[in-house]
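A short worksheet on the structure shown next.
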Amino acid sequence: MPKEDKNEQKALTKRSDDFSQWYQDVIVASDLAENAPVRGCMIIKPYGYALWENIQKEIDAILKDMGIENAYFPLLIPESYFKREADHVKGFSPELAVVTHGGGKKLEEPLVIRPTSETIIYDAFSRWIHSYRDLPFVVNQWANVVRWEMRPRLFLRTTEFLWQEGHTAHATAQDAKEYALMILDKVYKKFAQEYLAIPVFTGQKSESEKFAGALSTYCIEALMQDGKSLQMGTSHDLSDHFAKSFHVQYLDDSGERKFVHQTSWGVSTRLIGGIIMAHGDDKGLIFPPKIAPIKFVIIPICKNADEPAMSAAKEIFAIVSKIGKGKLDERLNLRAGEKFYEWEKKGVPVRIEIGPKDLEKKSCVIVRRDTGEKESCPIDAIVARIQEILDDIQKNLYARALEKRDASIKIADDWIGFTAGIEKGGYVFAYWCEEAKCEEEIKEKTKATSRCLPFDGKEEKGEHVCVHCKKPVANKKRWVFAKAY
RNA sequence: CGGAGAUUAGCGCAGUUGGUAGCGCGCUUGGUUCGGGACCAAGAGGUCGUGGGUUCAAAUCCCACAUCUCCGACCA
């Protein structure tokens, strides 16, 4: 068999040929996860879980810095709890998994496997909160949830997924709204941009896109390389909707009994799907250094374990490990080339090669994953240089993603411009009447939906009409539209 | 829930006049290789999705069922 054919077999599907297939190929080839025996469920493999642990660690640190504590609530929730909040039950009923039997007997009341924990947490809040002095009340939990989705996709929409969900109670509507916005900006936007190197729009969801039971939903939205948008996190202003259903009340400083105003907010393993699709290339994953499970890999070029290149590699590994978690690939049964491909697929930001030729010069070869650039670096300068390159990759990935995102933005003032813009992929900014029926029609015609009303949108003077139905709109800001995951 | 496809070794697959299963990758052992996906030799590995039926004989023909995957509508 000719060599080219063999490599062809090992190569990933190209993004330009079939993005969806590329996505699945990358996940399997990089050893992040695989499908489980049960439809829609995934096995997160050690490399994928290490990534999730890093995400978790950083977000958890940000939350803890804000004084937010973790707790854990049960997986099983009495079915009746879901029925207490009308919009909530309506929104979640179709996707609930329900336990009807336990210990060989039919249960008196079926138990819902949590799709989200508002109901059971606020039931606890109703017992825990008594006074305005208890507010704001804030708790976070890291947990798994189950939603019986019709169309699962690894990381993006799995039946069971991992997430954090924060829940708060406040004295006033204003406090709750401010808190929901603060979390979106100071936690989710910050994390997406500074750690994941993914630029996001922050904004408010339309009525039809908001969380079941919320007054308003705020979100971060990011562009994937196929031109679709991914909702990467949400923060909900729940107003007093759940407080009224679950009787979460407090006495204010004048002794008056009042309902609390609440928020809930979450990010999930979907973030991993976002990282893959925002940064990956035809060679595989590219991880931002700040959350990469392995920040650098050292590959000694040698035949036997007792060669100088191996001992030099070990020494370098020891000193570079000060920077963070790395990997020394000591395997002697694989050739260097195969190792290069493997770690590229896995998205390791920096590769260090050390062989006889380098040893003569007291240097080593450094290759960065984002650009593929190779350079020779003196061994005694290596720690500083690797750190510099990691920082630069982090910046470059963000800059690259931002450029793609901004290049995808189209301004549309009429229907022809709108459809042409959506057709090209990416974001279209347009005025919209905000009516559900109009949004449905837009979706039917173009497959695009409103992603959000961005917070940093500019107000434009003059009279504006809806890009689809041409009704006059009161809003002076444009909505962001895109096809979405 | 619609449409399509699949189910045979760990993975990817082949297997029609019906006769009890094979290839590639991977794995194990030995040897030669080793700066971008090496090669040779030997070896291990299978209730052919489930249940029925036809037949002397079924991976193969017939019936039923189950599950999974992909593409759409639904959603973090």
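By convention here, the chains of the structure tokens are called A, B, ... in the order presented, each chain's residues are numbered starting at 1, and ligands are numbered starting at 1 in the order presented.
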Report as CSV the residues of chain A within 9 Å of chain B, each with its shortest atom pair and distance in Å (one decimal), using only C-alpha atoms (C1' of nucleotides), ordered by chain and increasing residue number.
residue,atom,partner,partner_atom,distance
A:Lys6,CA,B:G37,C1',8.3
A:Asn7,CA,B:G37,C1',6.3
A:Lys10,CA,B:G37,C1',7.7
A:Pro37,CA,B:C68,C1',8.1
A:Val38,CA,B:C68,C1',8.6
A:Arg39,CA,B:C68,C1',7.2
A:Pro94,CA,B:C74,C1',9.0
A:Glu95,CA,B:C75,C1',8.7
A:Arg147,CA,B:C75,C1',8.6
A:Glu149,CA,B:C75,C1',6.6
A:Met150,CA,B:C74,C1',6.7
A:Arg151,CA,B:C74,C1',8.1
A:Leu156,CA,B:A76,C1',8.0
A:Arg157,CA,B:A76,C1',7.4
A:Phe161,CA,B:A76,C1',8.9
A:Trp163,CA,B:A76,C1',8.9
A:Gln231,CA,B:A76,C1',7.5
A:Met232,CA,B:A76,C1',7.5
A:Gly233,CA,B:A76,C1',7.2
A:Thr234,CA,B:A76,C1',8.0
A:Gly266,CA,B:A76,C1',8.0
A:Val267,CA,B:A76,C1',7.2
A:Ser268,CA,B:A76,C1',6.6
A:Thr269,CA,B:A76,C1',8.7
A:Arg270,CA,B:A76,C1',6.9
A:Ile301,CA,B:G35,C1',6.8
A:Cys302,CA,B:C34,C1',7.2
A:Lys303,CA,B:C34,C1',6.1
A:Leu332,CA,B:C34,C1',9.0
A:Leu334,CA,B:C34,C1',8.3
A:Arg335,CA,B:C34,C1',5.7
A:Ala336,CA,B:G36,C1',7.4
A:Gly337,CA,B:G36,C1',4.2
A:Glu338,CA,B:G37,C1',4.8
A:Lys339,CA,B:G37,C1',8.4
A:Phe340,CA,B:G36,C1',6.9
A:Tyr341,CA,B:G37,C1',6.8
A:Glu342,CA,B:G37,C1',8.9
A:Glu353,CA,B:G35,C1',8.7
A:Gly355,CA,B:G35,C1',7.3
A:Pro356,CA,B:G35,C1',9.0
A:Lys357,CA,B:G35,C1',8.4
For region 435-441 of chain A, work out the shell of residues within 8 Å, counting only C-alpha atoms (C1' of nucleotides) and skipping chain neighbours fewer than 3 positions away, then give it as a short mmCIF file (atom, residue, chain, number, x, y, z; two decimals) with C-alpha atoms, in the first residue's frame.
data_model
loop_
_atom_site.label_atom_id
_atom_site.label_comp_id
_atom_site.auth_asym_id
_atom_site.auth_seq_id
_atom_site.Cartn_x
_atom_site.Cartn_y
_atom_site.Cartn_z
CA GLU A 207 -38.84 35.59 25.29
CA SER A 208 -38.84 32.33 23.36
CA GLU A 444 -38.51 28.57 9.41
CA LYS A 445 -37.16 30.61 6.53
CA THR A 449 -32.70 32.46 15.66
CA SER A 450 -32.10 35.49 17.81
CA HIS A 468 -38.54 40.61 8.86
CA CYS A 469 -42.08 41.89 9.44
#
Using only C-alpha atoms (C1' of nucleotides), which residues sit within 12 Å of His130 (chain A) once same-chain residues fewer than 3 positions away are excluded, as a list in words?
-> Ala124, Phe125, Ser126, Arg127, Arg133, Asp134, Leu135, Pro136, Phe137, Ala169, His170, Ala171, His247, Val248, Gln249, Tyr250, Leu251, Asp252, Asp253, Gly255, Glu256, Arg257, Lys258, Phe259 and Val260 of chain A
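Shortest separation to G12 (chain B) among B:G31, B:G46, B:G24, B:G53 occurs at residue B:G24, atoms counted being only C-alpha atoms (C1' of nucleotides).
Between CA of Ile27 (chain A) and C1' of U7 (chain B) there is a distance of 22.8 Å.
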Shell of 12 Å around C23 (chain B), only C-alpha atoms (C1' of nucleotides), local chain residues under 2 positions omitted, as a ChimeraX atom specification | /B:9,12-15,21,25
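Interatomic distance, CA of Tyr398 (chain A) to CA of Ile198 (chain A): 5.8 Å.
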Considering only C-alpha atoms (C1' of nucleotides), return as number ranges by chain whatever protein or nucleic-acid residues lie within 6 Å of region 112-118 of chain A, sequence-local ones (same chain, fewer than 2 positions apart) excluded.
-> A: 75-77, 79, 97-98, 120-122, 145-147
Can I get the selection written as a compact mmCIF listing (two decimals), in the first residue's frame, with N, CA and C atoms?
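Full text of out_21.txt as output:
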# COMPACT_ATOMS: atom_id res chain seq x y z
N LEU A 75 -29.94 14.02 43.69
CA LEU A 75 -30.19 13.72 42.28
C LEU A 75 -31.67 13.54 42.00
N LEU A 76 -32.38 12.95 42.99
CA LEU A 76 -33.79 12.62 42.80
C LEU A 76 -34.69 13.67 43.43
N ILE A 77 -35.67 14.10 42.65
CA ILE A 77 -36.57 15.16 43.09
C ILE A 77 -38.01 14.68 42.97
N GLU A 79 -41.65 14.36 41.99
CA GLU A 79 -42.25 14.87 40.76
C GLU A 79 -43.14 16.09 41.03
N ALA A 97 -36.40 12.54 32.85
CA ALA A 97 -36.27 11.10 33.10
C ALA A 97 -36.87 10.86 34.47
N VAL A 98 -37.73 9.89 34.58
CA VAL A 98 -38.49 9.68 35.80
C VAL A 98 -38.28 8.28 36.34
N ILE A 120 -35.70 21.73 44.00
CA ILE A 120 -35.30 21.12 45.28
C ILE A 120 -34.45 22.08 46.12
N ILE A 121 -33.70 22.94 45.45
CA ILE A 121 -32.88 23.90 46.20
C ILE A 121 -33.76 24.97 46.84
N TYR A 122 -34.77 25.43 46.12
CA TYR A 122 -35.60 26.51 46.67
C TYR A 122 -36.53 26.00 47.75
N VAL A 145 -26.61 16.37 35.62
CA VAL A 145 -28.05 16.49 35.40
C VAL A 145 -28.42 15.68 34.16
N VAL A 146 -29.69 15.35 34.06
CA VAL A 146 -30.16 14.53 32.94
C VAL A 146 -31.32 15.22 32.23
N ARG A 147 -31.16 15.37 30.93
CA ARG A 147 -32.25 15.91 30.11
C ARG A 147 -32.40 15.01 28.90
Between CA of Gly203 (chain A) and CA of Lys177 (chain A) lies a distance of 13.0 Å
Apply DSSP to the backbone of this structure and, from region 89-294 of chain A, keep only the residues in strand (DSSP E); write these as number ranges by chain.
-> A: 97-102, 105-113, 137-146, 160-170, 201-204, 216-223, 229-239, 249-251, 257-259, 261-268
If we count only C-alpha atoms (C1' of nucleotides), what is near Phe191 (chain A) at a cut-off of 12 Å, once residues fewer than 6 positions away on the same chain are taken out, given as a ChimeraX atom specification?
-> /A:54-63,183-185,197-200,220,232-233,267,271,288,290-291
Can you pull out every residue within 9 Å of region 411-419 of chain A, counting only C-alpha atoms (C1' of nucleotides), but drop anything in the same chain fewer than 3 positions away, and send it as a PyMOL selection string?
-> chain A and resi 422-424+427-431+445-446+464-470+478
Write out as a ChimeraX atom specification all residues of region 20-251 of chain A that backbone DSSP assigns to helix (DSSP H, G or I).
-> /A:20-29,46-65,79-82,86-95,118-128,132-134,173-195,207-209,241-246
For Ala318 (chain A), which of A:Ala484, A:Val383, A:Ile275, A:Ala243 is the closest residue, counting only C-alpha atoms?
-> A:Val383
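Nearest to Val480 (chain A) of all the residues A:Asp17, A:Asp329, A:Asp358, A:Glu221 is A:Glu221, based on only C-alpha atoms.
If only C-alpha atoms are the atoms counted, then among A:Lys228, A:Lys210, A:Glu194, A:Lys244 the closest residue to Lys447 (chain A) is A:Lys228.
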